[in-house]
>>> print(open('input_21.cif').read())   # mmCIF, C-alpha atoms and all ligand atoms
data_data
#
loop_
_atom_site.group_PDB
_atom_site.id
_atom_site.type_symbol
_atom_site.label_atom_id
_atom_site.label_comp_id
_atom_site.auth_asym_id
_atom_site.auth_seq_id
_atom_site.Cartn_x
_atom_site.Cartn_y
_atom_site.Cartn_z
ATOM 1 C CA MET A 1380 144.391 246.285 189.429
ATOM 2 C CA SER A 1381 142.207 243.191 189.854
ATOM 3 C CA ARG A 1382 141.230 242.573 186.222
ATOM 4 C CA SER A 1383 143.677 240.937 183.844
ATOM 5 C CA VAL A 1384 143.833 239.862 180.214
ATOM 6 C CA THR A 1385 146.321 237.633 178.428
ATOM 7 C CA PHE A 1386 147.291 238.355 174.831
ATOM 8 C CA ILE A 1387 148.478 235.606 172.545
ATOM 9 C CA GLY A 1388 150.582 237.368 169.900
ATOM 10 C CA ASN A 1389 152.449 240.629 170.102
ATOM 11 C CA GLY A 1390 151.771 242.400 166.833
ATOM 12 C CA LYS A 1391 150.033 245.656 165.890
ATOM 13 C CA MET A 1392 146.532 244.687 166.993
ATOM 14 C CA ALA A 1393 147.660 243.213 170.314
ATOM 15 C CA LEU A 1394 149.570 246.433 171.022
ATOM 16 C CA ALA A 1395 146.632 248.668 170.057
ATOM 17 C CA LEU A 1396 144.291 246.676 172.338
ATOM 18 C CA ALA A 1397 146.829 246.554 175.180
ATOM 19 C CA LYS A 1398 147.278 250.349 174.966
ATOM 20 C CA GLY A 1399 143.537 250.777 175.366
ATOM 21 C CA LEU A 1400 143.189 248.170 178.140
ATOM 22 C CA SER A 1401 146.355 248.767 180.166
ATOM 23 C CA THR A 1402 144.844 251.565 182.261
ATOM 24 C CA THR A 1403 142.151 249.248 183.610
ATOM 25 C CA HIS A 1404 143.673 245.761 183.283
ATOM 26 C CA SER A 1405 146.955 244.087 184.068
ATOM 27 C CA ILE A 1406 148.417 242.625 180.899
ATOM 28 C CA GLU A 1407 150.134 239.313 180.136
ATOM 29 C CA VAL A 1408 151.584 238.676 176.687
ATOM 30 C CA ILE A 1409 152.434 235.233 175.347
ATOM 31 C CA GLY A 1410 154.961 235.470 172.532
ATOM 32 C CA ARG A 1411 157.545 233.474 170.633
ATOM 33 C CA THR A 1412 160.728 235.199 171.822
ATOM 34 C CA THR A 1413 161.874 237.140 174.882
ATOM 35 C CA GLU A 1414 163.030 239.964 172.595
ATOM 36 C CA ALA A 1415 159.581 240.289 171.006
ATOM 37 C CA VAL A 1416 157.670 240.458 174.311
ATOM 38 C CA GLU A 1417 160.246 242.893 175.710
ATOM 39 C CA ARG A 1418 159.802 245.114 172.641
ATOM 40 C CA PHE A 1419 156.055 244.931 173.194
ATOM 41 C CA GLU A 1420 156.450 246.034 176.831
ATOM 42 C CA ALA A 1421 158.721 248.921 175.799
ATOM 43 C CA SER A 1422 156.217 250.102 173.156
ATOM 44 C CA LEU A 1423 153.362 249.837 175.653
ATOM 45 C CA GLY A 1424 155.291 251.725 178.331
ATOM 46 C CA VAL A 1425 153.670 249.666 181.104
ATOM 47 C CA ALA A 1426 155.063 246.641 182.954
ATOM 48 C CA ILE A 1427 153.501 243.384 181.729
ATOM 49 C CA THR A 1428 153.829 239.687 182.502
ATOM 50 C CA LYS A 1429 155.984 238.245 179.717
ATOM 51 C CA THR A 1430 155.472 234.562 178.855
ATOM 52 C CA LEU A 1431 156.862 232.329 176.109
ATOM 53 C CA TYR A 1432 154.745 229.674 174.389
ATOM 54 C CA GLN A 1433 156.687 226.813 176.013
ATOM 55 C CA ASN A 1434 155.570 228.114 179.466
ATOM 56 C CA ALA A 1435 152.089 229.245 178.472
ATOM 57 C CA ASP A 1436 149.303 228.281 180.873
ATOM 58 C CA ILE A 1437 145.922 229.697 179.868
ATOM 59 C CA ASN A 1438 143.941 228.009 182.653
ATOM 60 C CA ASN A 1439 140.960 230.136 183.843
ATOM 61 C CA LYS A 1440 142.297 233.221 182.058
ATOM 62 C CA ASN A 1441 140.582 235.673 179.739
ATOM 63 C CA ILE A 1442 142.562 235.323 176.542
ATOM 64 C CA ILE A 1443 142.613 237.682 173.565
ATOM 65 C CA ILE A 1444 144.202 235.902 170.633
ATOM 66 C CA CYS A 1445 145.830 238.293 168.148
ATOM 67 C CA VAL A 1446 147.911 236.178 165.767
ATOM 68 C CA LYS A 1447 147.365 235.827 162.021
ATOM 69 C CA PRO A 1448 144.529 233.455 161.104
ATOM 70 C CA ALA A 1449 147.021 231.007 159.528
ATOM 71 C CA ASN A 1450 148.941 230.681 162.843
ATOM 72 C CA LEU A 1451 146.040 229.329 164.928
ATOM 73 C CA SER A 1452 146.625 225.639 164.142
ATOM 74 C CA GLU A 1453 150.330 225.955 164.992
ATOM 75 C CA ILE A 1454 149.690 227.735 168.295
ATOM 76 C CA ALA A 1455 146.709 225.812 169.691
ATOM 77 C CA PRO A 1456 148.654 222.655 170.710
ATOM 78 C CA LEU A 1457 151.218 224.780 172.621
ATOM 79 C CA LEU A 1458 148.662 226.199 175.072
ATOM 80 C CA LYS A 1459 148.173 224.295 178.334
ATOM 81 C CA GLY A 1460 145.012 224.508 180.453
ATOM 82 C CA LYS A 1461 141.432 225.596 179.772
ATOM 83 C CA ALA A 1462 140.813 229.322 179.384
ATOM 84 C CA GLU A 1463 137.863 231.004 181.070
ATOM 85 C CA ALA A 1464 137.117 232.690 177.740
ATOM 86 C CA LEU A 1465 138.842 232.925 174.376
ATOM 87 C CA TYR A 1466 138.311 236.211 172.519
ATOM 88 C CA SER A 1467 139.593 236.086 168.958
ATOM 89 C CA VAL A 1468 140.253 239.067 166.694
ATOM 90 C CA LEU A 1469 141.320 236.772 163.838
ATOM 91 C CA ALA A 1470 139.592 237.893 160.640
ATOM 92 C CA GLY A 1471 137.396 235.232 159.070
ATOM 93 C CA THR A 1472 138.281 232.579 161.666
ATOM 94 C CA THR A 1473 135.119 230.781 162.783
ATOM 95 C CA LEU A 1474 134.001 230.053 166.341
ATOM 96 C CA GLU A 1475 134.164 226.368 165.396
ATOM 97 C CA SER A 1476 137.842 226.529 164.463
ATOM 98 C CA LEU A 1477 138.656 228.443 167.677
ATOM 99 C CA LYS A 1478 137.689 225.288 169.557
ATOM 100 C CA SER A 1479 141.176 223.948 168.808
ATOM 101 C CA VAL A 1480 142.076 226.050 171.883
ATOM 102 C CA ASP A 1481 140.430 224.746 175.068
ATOM 103 C CA ALA A 1482 138.120 227.301 176.730
ATOM 104 C CA HIS A 1483 134.830 227.447 178.638
ATOM 105 C CA HIS A 1484 133.512 230.215 176.363
ATOM 106 C CA TYR A 1485 134.317 231.521 172.877
ATOM 107 C CA CYS A 1486 133.783 234.947 171.342
ATOM 108 C CA ARG A 1487 134.867 236.576 168.093
ATOM 109 C CA ALA A 1488 135.667 240.280 168.290
ATOM 110 C CA MET A 1489 136.504 242.590 165.405
ATOM 111 C CA PRO A 1490 138.080 245.793 166.743
ATOM 112 C CA ASN A 1491 140.080 248.287 164.744
ATOM 113 C CA LEU A 1492 143.358 250.107 165.156
ATOM 114 C CA ALA A 1493 141.666 253.019 166.959
ATOM 115 C CA ALA A 1494 141.625 250.746 170.039
ATOM 116 C CA GLU A 1495 144.937 252.347 170.974
ATOM 117 C CA THR A 1496 143.197 255.699 171.457
ATOM 118 C CA GLY A 1497 140.170 254.142 173.190
ATOM 119 C CA ALA A 1498 138.069 254.729 170.055
ATOM 120 C CA SER A 1499 137.761 251.317 168.407
ATOM 121 C CA MET A 1500 134.496 250.285 166.792
ATOM 122 C CA THR A 1501 134.310 246.652 167.837
ATOM 123 C CA SER A 1502 131.806 244.043 166.652
ATOM 124 C CA LEU A 1503 131.272 240.897 168.695
ATOM 125 C CA VAL A 1504 129.589 237.554 168.279
ATOM 126 C CA GLY A 1505 129.735 234.326 170.273
ATOM 127 C CA ASP A 1506 128.712 232.620 173.465
ATOM 128 C CA THR A 1507 125.900 234.683 175.010
ATOM 129 C CA ALA A 1508 126.957 233.530 178.504
ATOM 130 C CA ILE A 1509 129.852 236.003 178.240
ATOM 131 C CA LYS A 1510 128.030 238.700 176.246
ATOM 132 C CA THR A 1511 127.866 241.169 179.159
ATOM 133 C CA PHE A 1512 131.504 240.593 180.082
ATOM 134 C CA ALA A 1513 132.644 240.851 176.433
ATOM 135 C CA LEU A 1514 130.732 244.090 175.854
ATOM 136 C CA GLU A 1515 132.291 245.551 178.988
ATOM 137 C CA LEU A 1516 135.811 244.361 178.133
ATOM 138 C CA PHE A 1517 135.801 245.733 174.590
ATOM 139 C CA GLY A 1518 133.706 248.732 175.725
ATOM 140 C CA THR A 1519 136.834 249.825 177.592
ATOM 141 C CA ILE A 1520 138.509 250.530 174.245
ATOM 142 C CA GLY A 1521 135.634 252.196 172.389
ATOM 143 C CA SER A 1522 132.191 251.468 170.965
ATOM 144 C CA VAL A 1523 130.769 247.937 170.817
ATOM 145 C CA LEU A 1524 128.080 246.156 168.809
ATOM 146 C CA TRP A 1525 126.932 242.569 169.495
ATOM 147 C CA LEU A 1526 125.909 240.948 166.189
ATOM 148 C CA SER A 1527 123.589 238.007 165.535
ATOM 149 C CA ASN A 1528 125.868 235.682 163.621
ATOM 150 C CA GLU A 1529 129.301 235.149 162.124
ATOM 151 C CA LYS A 1530 128.269 236.191 158.617
ATOM 152 C CA GLU A 1531 127.464 239.627 160.012
ATOM 153 C CA LEU A 1532 130.825 239.712 161.797
ATOM 154 C CA ASP A 1533 132.637 238.996 158.506
ATOM 155 C CA ILE A 1534 130.813 241.941 156.905
ATOM 156 C CA ALA A 1535 131.593 244.108 159.949
ATOM 157 C CA THR A 1536 135.254 243.131 159.482
ATOM 158 C CA ALA A 1537 135.145 244.590 155.964
ATOM 159 C CA LEU A 1538 133.521 247.824 157.194
ATOM 160 C CA ALA A 1539 134.933 248.727 160.612
ATOM 161 C CA GLY A 1540 137.943 246.377 160.919
ATOM 162 C CA SER A 1541 139.525 247.265 157.576
ATOM 163 C CA GLY A 1542 137.859 250.695 157.441
ATOM 164 C CA PRO A 1543 140.735 252.751 158.921
ATOM 165 C CA ALA A 1544 142.884 251.732 155.933
ATOM 166 C CA TYR A 1545 140.198 252.852 153.470
ATOM 167 C CA LEU A 1546 139.768 256.200 155.200
ATOM 168 C CA ALA A 1547 143.556 256.573 155.300
ATOM 169 C CA LEU A 1548 143.603 256.263 151.498
ATOM 170 C CA ILE A 1549 140.980 259.015 151.214
ATOM 171 C CA ALA A 1550 142.884 261.157 153.752
ATOM 172 C CA GLU A 1551 146.171 260.796 151.889
ATOM 173 C CA ALA A 1552 144.581 261.399 148.479
ATOM 174 C CA LEU A 1553 142.835 264.588 149.653
ATOM 175 C CA CYS A 1554 146.167 265.911 150.950
ATOM 176 C CA ASP A 1555 147.894 265.004 147.689
ATOM 177 C CA GLY A 1556 145.192 266.925 145.816
ATOM 178 C CA ALA A 1557 145.711 270.008 147.981
ATOM 179 C CA VAL A 1558 149.488 269.799 147.522
ATOM 180 C CA ARG A 1559 148.991 269.486 143.761
ATOM 181 C CA GLU A 1560 147.002 272.724 143.878
ATOM 182 C CA GLY A 1561 149.929 274.406 145.682
ATOM 183 C CA LEU A 1562 149.282 274.035 149.444
ATOM 184 C CA LYS A 1563 152.236 273.142 151.682
ATOM 185 C CA ARG A 1564 152.226 269.460 152.760
ATOM 186 C CA ASP A 1565 152.226 270.283 156.494
ATOM 187 C CA ASP A 1566 149.291 272.638 156.085
ATOM 188 C CA ALA A 1567 147.398 270.056 154.023
ATOM 189 C CA MET A 1568 147.983 267.463 156.783
ATOM 190 C CA THR A 1569 146.779 269.865 159.486
ATOM 191 C CA LEU A 1570 143.632 270.640 157.517
ATOM 192 C CA MET A 1571 142.952 266.969 156.768
ATOM 193 C CA ARG A 1572 143.299 265.997 160.450
ATOM 194 C CA GLY A 1573 140.951 268.791 161.510
ATOM 195 C CA LEU A 1574 138.528 267.775 158.772
ATOM 196 C CA PHE A 1575 138.428 264.137 159.923
ATOM 197 C CA ASP A 1576 138.060 265.183 163.547
ATOM 198 C CA GLY A 1577 135.089 267.458 162.845
ATOM 199 C CA PHE A 1578 133.524 265.008 160.403
ATOM 200 C CA GLY A 1579 133.892 262.198 162.933
ATOM 201 C CA ARG A 1580 131.739 264.171 165.361
ATOM 202 C CA LEU A 1581 129.166 265.403 162.824
ATOM 203 C CA ILE A 1582 128.515 261.949 161.392
ATOM 204 C CA GLN A 1583 127.472 260.683 164.841
ATOM 205 C CA THR A 1584 124.247 262.658 164.636
ATOM 206 C CA THR A 1585 123.765 263.531 160.956
ATOM 207 C CA HIS A 1586 122.835 261.181 158.111
ATOM 208 C CA PRO A 1587 125.605 261.241 155.440
ATOM 209 C CA ALA A 1588 123.192 262.308 152.695
ATOM 210 C CA LEU A 1589 121.926 265.274 154.746
ATOM 211 C CA LEU A 1590 125.455 266.243 155.719
ATOM 212 C CA LYS A 1591 126.369 266.372 152.024
ATOM 213 C CA ASP A 1592 123.257 268.422 151.188
ATOM 214 C CA ASN A 1593 124.141 270.917 153.925
ATOM 215 C CA VAL A 1594 127.635 271.442 152.524
ATOM 216 C CA MET A 1595 126.774 271.608 148.834
ATOM 217 C CA SER A 1596 125.749 275.078 147.608
ATOM 218 C CA PRO A 1597 124.047 275.397 144.199
ATOM 219 C CA GLY A 1598 126.721 275.786 141.543
ATOM 220 C CA GLY A 1599 129.400 275.939 144.250
ATOM 221 C CA THR A 1600 132.768 274.382 144.974
ATOM 222 C CA THR A 1601 131.434 271.244 146.669
ATOM 223 C CA ALA A 1602 129.176 270.368 143.751
ATOM 224 C CA ALA A 1603 132.190 270.677 141.435
ATOM 225 C CA GLY A 1604 134.359 268.449 143.633
ATOM 226 C CA TYR A 1605 131.569 265.980 144.350
ATOM 227 C CA GLY A 1606 130.976 265.504 140.629
ATOM 228 C CA ALA A 1607 134.631 264.524 140.243
ATOM 229 C CA LEU A 1608 134.286 261.888 142.995
ATOM 230 C CA GLU A 1609 131.240 260.370 141.273
ATOM 231 C CA LYS A 1610 133.048 260.440 137.903
ATOM 232 C CA GLY A 1611 135.952 258.643 139.575
ATOM 233 C CA LYS A 1612 133.498 255.990 140.800
ATOM 234 C CA VAL A 1613 134.483 256.505 144.460
ATOM 235 C CA ARG A 1614 131.035 255.323 145.612
ATOM 236 C CA GLU A 1615 131.269 252.129 143.551
ATOM 237 C CA GLY A 1616 134.879 251.667 144.667
ATOM 238 C CA CYS A 1617 133.850 251.841 148.342
ATOM 239 C CA MET A 1618 131.067 249.309 147.859
ATOM 240 C CA GLU A 1619 133.431 247.015 145.959
ATOM 241 C CA ALA A 1620 135.995 247.352 148.759
ATOM 242 C CA ILE A 1621 133.437 246.013 151.245
ATOM 243 C CA ARG A 1622 132.434 243.175 148.897
ATOM 244 C CA CYS A 1623 136.052 242.113 148.253
ATOM 245 C CA ALA A 1624 137.040 242.346 151.933
ATOM 246 C CA HIS A 1625 133.987 240.300 152.924
ATOM 247 C CA GLU A 1626 134.832 237.679 150.273
ATOM 248 C CA ARG A 1627 138.384 237.548 151.612
ATOM 249 C CA ALA A 1628 137.174 237.133 155.220
ATOM 250 C CA LYS A 1629 135.167 234.089 154.120
ATOM 251 C CA LYS A 1630 138.316 232.510 152.625
ATOM 252 C CA LEU A 1631 140.755 233.125 155.508
HETATM 253 N N1 LIG A 1701 145.761 245.301 162.127
HETATM 254 C C1 LIG A 1701 144.466 245.574 162.249
HETATM 255 O O1 LIG A 1701 144.038 246.718 162.057
HETATM 256 C C2 LIG A 1701 143.517 244.488 162.644
HETATM 257 C C3 LIG A 1701 143.919 243.172 162.742
HETATM 258 N N2 LIG A 1701 143.037 242.199 163.143
HETATM 259 C C4 LIG A 1701 143.460 240.822 163.292
HETATM 260 O O2 LIG A 1701 144.515 240.811 164.233
HETATM 261 C C5 LIG A 1701 145.378 239.699 163.995
HETATM 262 C C6 LIG A 1701 146.802 240.157 164.061
HETATM 263 O O3 LIG A 1701 147.011 241.131 163.068
HETATM 264 P P1 LIG A 1701 148.138 242.254 163.208
HETATM 265 O O4 LIG A 1701 148.384 242.536 164.637
HETATM 266 O O5 LIG A 1701 147.760 243.335 162.297
HETATM 267 O O6 LIG A 1701 149.391 241.470 162.585
HETATM 268 P P2 LIG A 1701 150.929 241.500 163.026
HETATM 269 O O7 LIG A 1701 151.682 240.893 161.905
HETATM 270 O O8 LIG A 1701 151.311 242.865 163.505
HETATM 271 O O9 LIG A 1701 150.979 240.524 164.280
HETATM 272 C C7 LIG A 1701 150.821 239.155 164.175
HETATM 273 C C8 LIG A 1701 151.459 238.533 165.377
HETATM 274 O O10 LIG A 1701 151.237 237.125 165.304
HETATM 275 C C9 LIG A 1701 152.277 236.464 165.951
HETATM 276 N N3 LIG A 1701 152.794 235.396 165.042
HETATM 277 C C10 LIG A 1701 153.118 235.531 163.738
HETATM 278 N N4 LIG A 1701 153.530 234.324 163.253
HETATM 279 C C11 LIG A 1701 153.433 233.451 164.271
HETATM 280 C C12 LIG A 1701 153.695 232.066 164.387
HETATM 281 N N5 LIG A 1701 154.125 231.341 163.349
HETATM 282 N N6 LIG A 1701 153.486 231.495 165.580
HETATM 283 C C13 LIG A 1701 153.050 232.232 166.635
HETATM 284 N N7 LIG A 1701 152.777 233.540 166.574
HETATM 285 C C14 LIG A 1701 152.963 234.132 165.408
HETATM 286 C C15 LIG A 1701 153.345 237.455 166.305
HETATM 287 O O11 LIG A 1701 153.160 237.799 167.661
HETATM 288 C C16 LIG A 1701 152.995 238.651 165.456
HETATM 289 O O12 LIG A 1701 153.444 239.799 166.017
HETATM 290 C C17 LIG A 1701 144.986 239.116 162.642
HETATM 291 O O13 LIG A 1701 144.334 237.885 162.830
HETATM 292 C C18 LIG A 1701 144.016 240.139 162.052
HETATM 293 O O14 LIG A 1701 142.985 239.538 161.325
HETATM 294 C C19 LIG A 1701 141.739 242.515 163.471
HETATM 295 C C20 LIG A 1701 141.300 243.791 163.404
HETATM 296 C C21 LIG A 1701 142.115 244.886 162.931
HETATM 297 O O1 LIG A 1702 143.475 243.048 156.925
HETATM 298 C C1 LIG A 1702 143.092 242.194 157.741
HETATM 299 O O2 LIG A 1702 142.942 241.011 157.391
HETATM 300 C C2 LIG A 1702 142.816 242.585 159.159
HETATM 301 C C3 LIG A 1702 141.399 242.340 159.558
HETATM 302 C C4 LIG A 1702 140.766 243.679 159.698
HETATM 303 C C5 LIG A 1702 141.873 244.607 159.590
HETATM 304 N N1 LIG A 1702 142.989 244.000 159.339
#
>>> encode(input="input_21.cif", output="structure tokens", more="lines below")
Ligand SMILES: NC(=O)C1=CN([C@@H]2O[C@H](COP(=O)(O)OP(=O)(O)OC[C@H]3O[C@@H](n4cnc5c(N)ncnc54)[C@H](O)[C@@H]3O)[C@@H](O)[C@H]2O)C=CC1
Ligand SMILES: O=C(O)[C@@H]1CCC=N1
Amino acid sequence: MSRSVTFIGNGKMALALAKGLSTTHSIEVIGRTTEAVERFEASLGVAITKTLYQNADINNKNIIICVKPANLSEIAPLLKGKAEALYSVLAGTTLESLKSVDAHHYCRAMPNLAAETGASMTSLVGDTAIKTFALELFGTIGSVLWLSNEKELDIATALAGSGPAYLALIAEALCDGAVREGLKRDDAMTLMRGLFDGFGRLIQTTHPALLKDNVMSPGGTTAAGYGALEKGKVREGCMEAIRCAHERAKKL
């Protein structure tokens, strides 16, 4: 395996990305403790190069930084050498502030948790000299979209970065509703998973408004349920979720 990536941080996002990338790339993880990087390797199920911050040399490497935004200033001085490229998944953290880590090129990426199944929707922005490489790297773990500026990336964070959590709320609530009506929990979960799978495919080629029109029969069940969603202000709630998440990204 000739291609390699180095992760800084060993949390949920690093693991999801490493799961998606480990079939095509060799993986190095820089972490705080031997136990943490060993746990990471065990969860990944693939042998990795395990490095602690005190020994970290990022010279000429492709780095994906996956720590919390607040940890960047603490970590930057610990990294020796000049990276080939620094890819950051840190929400709201600007390209300018990434320069506290020495690198030839900088890129912000906003993947989501579906990276672990090779189905992330990842937005990217940064140094156009590495655009092709970045699109290919993150293309390994799903779909990619290169955006024009960082403001757009912060909005993309609210939509596709945080999005799995919003859809999880809908998924759980729909199951709860079915259970309240008397369906067994396991059956409700099976139906919900099948629903999301089919919907995920349909929405690739059908506009959401048309999809809804095709499901809703006059005076039928969908119209009754849809009315309840509008009464519950689900549409407004979704738009507010994006606004609040975007506001938060700007403050991180
Ligand atoms: N979880 C998600 O779905 C997504 C997360 N992100 C971004 O990924 C980054 C990591 O998030 P998660 O993996 O969810 O969080 P996490 O809490 O699972 O992992 C954070 C990791 O940061 C490292 N860390 C924490 N404190 C540290 C310190 N003081 N010094 C050095 N390293 C430290 C540790 O390796 C820890 O595992 C965040 O910046 C977040 O904005 C981006 C897209 C999606
Ligand atoms: O909640 C967060 O801040 C991160 C960024 C996108 C998903 N999780």
>>> resolve_selection(input="input_21.cif", expression="the PyMOL selection byres (((chain A and resi 1503) around 9) and not hetatm)", output="number ranges by chain")
A: 1486-1490, 1501-1502, 1504-1505, 1510, 1513-1514, 1517, 1523-1527, 1529, 1532
>>> write_last_selection(input="input_21.cif", atoms="C-alpha atoms", output="PDB file, in the coordinates of the input")
ATOM      1  CA  CYS A1486     133.783 234.947 171.342  1.00  0.00           C
ATOM      2  CA  ARG A1487     134.867 236.576 168.093  1.00  0.00           C
ATOM      3  CA  ALA A1488     135.667 240.280 168.290  1.00  0.00           C
ATOM      4  CA  MET A1489     136.504 242.590 165.405  1.00  0.00           C
ATOM      5  CA  PRO A1490     138.080 245.793 166.743  1.00  0.00           C
ATOM      6  CA  THR A1501     134.310 246.652 167.837  1.00  0.00           C
ATOM      7  CA  SER A1502     131.806 244.043 166.652  1.00  0.00           C
ATOM      8  CA  VAL A1504     129.589 237.554 168.279  1.00  0.00           C
ATOM      9  CA  GLY A1505     129.735 234.326 170.273  1.00  0.00           C
ATOM     10  CA  LYS A1510     128.030 238.700 176.246  1.00  0.00           C
ATOM     11  CA  ALA A1513     132.644 240.851 176.433  1.00  0.00           C
ATOM     12  CA  LEU A1514     130.732 244.090 175.854  1.00  0.00           C
ATOM     13  CA  PHE A1517     135.801 245.733 174.590  1.00  0.00           C
ATOM     14  CA  VAL A1523     130.769 247.937 170.817  1.00  0.00           C
ATOM     15  CA  LEU A1524     128.080 246.156 168.809  1.00  0.00           C
ATOM     16  CA  TRP A1525     126.932 242.569 169.495  1.00  0.00           C
ATOM     17  CA  LEU A1526     125.909 240.948 166.189  1.00  0.00           C
ATOM     18  CA  SER A1527     123.589 238.007 165.535  1.00  0.00           C
ATOM     19  CA  GLU A1529     129.301 235.149 162.124  1.00  0.00           C
ATOM     20  CA  LEU A1532     130.825 239.712 161.797  1.00  0.00           C
TER      21      LEU A1532
END
>>> residues_around(input="input_21.cif", residues="range 1398-1406 of chain A", least_positions_apart="6", cutoff="12 Å", atoms="only C-alpha atoms", output="number ranges by chain")
A: 1380-1387, 1389, 1391-1392, 1416, 1419-1430, 1440-1443, 1490-1499, 1515-1521
>>> write_last_selection(input="input_21.cif", atoms="C-alpha atoms", output="tab-separated table (two decimals), in the coordinates of the input")
chain	number	residue	atom	x	y	z
A	1380	MET	CA	144.39	246.28	189.43
A	1381	SER	CA	142.21	243.19	189.85
A	1382	ARG	CA	141.23	242.57	186.22
A	1383	SER	CA	143.68	240.94	183.84
A	1384	VAL	CA	143.83	239.86	180.21
A	1385	THR	CA	146.32	237.63	178.43
A	1386	PHE	CA	147.29	238.36	174.83
A	1387	ILE	CA	148.48	235.61	172.54
A	1389	ASN	CA	152.45	240.63	170.10
A	1391	LYS	CA	150.03	245.66	165.89
A	1392	MET	CA	146.53	244.69	166.99
A	1416	VAL	CA	157.67	240.46	174.31
A	1419	PHE	CA	156.06	244.93	173.19
A	1420	GLU	CA	156.45	246.03	176.83
A	1421	ALA	CA	158.72	248.92	175.80
A	1422	SER	CA	156.22	250.10	173.16
A	1423	LEU	CA	153.36	249.84	175.65
A	1424	GLY	CA	155.29	251.72	178.33
A	1425	VAL	CA	153.67	249.67	181.10
A	1426	ALA	CA	155.06	246.64	182.95
A	1427	ILE	CA	153.50	243.38	181.73
A	1428	THR	CA	153.83	239.69	182.50
A	1429	LYS	CA	155.98	238.24	179.72
A	1430	THR	CA	155.47	234.56	178.86
A	1440	LYS	CA	142.30	233.22	182.06
A	1441	ASN	CA	140.58	235.67	179.74
A	1442	ILE	CA	142.56	235.32	176.54
A	1443	ILE	CA	142.61	237.68	173.56
A	1490	PRO	CA	138.08	245.79	166.74
A	1491	ASN	CA	140.08	248.29	164.74
A	1492	LEU	CA	143.36	250.11	165.16
A	1493	ALA	CA	141.67	253.02	166.96
A	1494	ALA	CA	141.62	250.75	170.04
A	1495	GLU	CA	144.94	252.35	170.97
A	1496	THR	CA	143.20	255.70	171.46
A	1497	GLY	CA	140.17	254.14	173.19
A	1498	ALA	CA	138.07	254.73	170.06
A	1499	SER	CA	137.76	251.32	168.41
A	1515	GLU	CA	132.29	245.55	178.99
A	1516	LEU	CA	135.81	244.36	178.13
A	1517	PHE	CA	135.80	245.73	174.59
A	1518	GLY	CA	133.71	248.73	175.72
A	1519	THR	CA	136.83	249.82	177.59
A	1520	ILE	CA	138.51	250.53	174.24
A	1521	GLY	CA	135.63	252.20	172.39
>>> closest_residue(input="input_21.cif", among="A:Asn1528, A:Thr1511, A:Gln1583, A:Thr1536", to="ligand LIG 1702 (chain A)", atoms="all atoms listed in the file")
A:Thr1536
>>> closest_atom_pairs(input="input_21.cif", of="chain A", to="ligand LIG 1701 (chain A)", cutoff="7 Å", atoms="only C-alpha atoms and all ligand atoms", output="JSON lines")
{"residue": "A:Gly1388", "atom": "CA", "partner": "A:LIG1701", "partner_atom": "O11", "distance": 3.4}
{"residue": "A:Asn1389", "atom": "CA", "partner": "A:LIG1701", "partner_atom": "O11", "distance": 3.8}
{"residue": "A:Gly1390", "atom": "CA", "partner": "A:LIG1701", "partner_atom": "O12", "distance": 3.2}
{"residue": "A:Lys1391", "atom": "CA", "partner": "A:LIG1701", "partner_atom": "O4", "distance": 3.7}
{"residue": "A:Met1392", "atom": "CA", "partner": "A:LIG1701", "partner_atom": "O4", "distance": 3.7}
{"residue": "A:Ala1393", "atom": "CA", "partner": "A:LIG1701", "partner_atom": "O4", "distance": 5.8}
{"residue": "A:Gly1410", "atom": "CA", "partner": "A:LIG1701", "partner_atom": "O11", "distance": 5.7}
{"residue": "A:Arg1411", "atom": "CA", "partner": "A:LIG1701", "partner_atom": "C13", "distance": 6.1}
{"residue": "A:Cys1445", "atom": "CA", "partner": "A:LIG1701", "partner_atom": "C5", "distance": 4.4}
{"residue": "A:Val1446", "atom": "CA", "partner": "A:LIG1701", "partner_atom": "O10", "distance": 3.5}
{"residue": "A:Lys1447", "atom": "CA", "partner": "A:LIG1701", "partner_atom": "O13", "distance": 3.8}
{"residue": "A:Pro1448", "atom": "CA", "partner": "A:LIG1701", "partner_atom": "O13", "distance": 4.8}
{"residue": "A:Asn1450", "atom": "CA", "partner": "A:LIG1701", "partner_atom": "C12", "distance": 5.2}
{"residue": "A:Glu1453", "atom": "CA", "partner": "A:LIG1701", "partner_atom": "N6", "distance": 6.4}
{"residue": "A:Ile1454", "atom": "CA", "partner": "A:LIG1701", "partner_atom": "C13", "distance": 5.9}
{"residue": "A:Val1468", "atom": "CA", "partner": "A:LIG1701", "partner_atom": "C19", "distance": 4.9}
{"residue": "A:Leu1469", "atom": "CA", "partner": "A:LIG1701", "partner_atom": "O13", "distance": 3.4}
{"residue": "A:Ala1470", "atom": "CA", "partner": "A:LIG1701", "partner_atom": "O14", "distance": 3.8}
{"residue": "A:Met1489", "atom": "CA", "partner": "A:LIG1701", "partner_atom": "C20", "distance": 5.3}
{"residue": "A:Pro1490", "atom": "CA", "partner": "A:LIG1701", "partner_atom": "C20", "distance": 5.1}
{"residue": "A:Asn1491", "atom": "CA", "partner": "A:LIG1701", "partner_atom": "C21", "distance": 4.4}
{"residue": "A:Leu1492", "atom": "CA", "partner": "A:LIG1701", "partner_atom": "O1", "distance": 4.6}
{"residue": "A:Gly1540", "atom": "CA", "partner": "A:LIG1701", "partner_atom": "C21", "distance": 4.9}
{"residue": "A:Ser1541", "atom": "CA", "partner": "A:LIG1701", "partner_atom": "O1", "distance": 6.4}
>>> closest_residue(input="input_21.cif", among="A:Leu1590, A:Leu1562, A:Met1500, A:Ile1582", to="ligand LIG 1702 (chain A)", atoms="all atoms listed in the file")
A:Met1500
>>> closest_residue(input="input_21.cif", among="A:Ala1415, A:Ala1603, A:Leu1451, A:Ala1535", to="ligand LIG 1702 (chain A)", atoms="all atoms listed in the file")
A:Ala1535
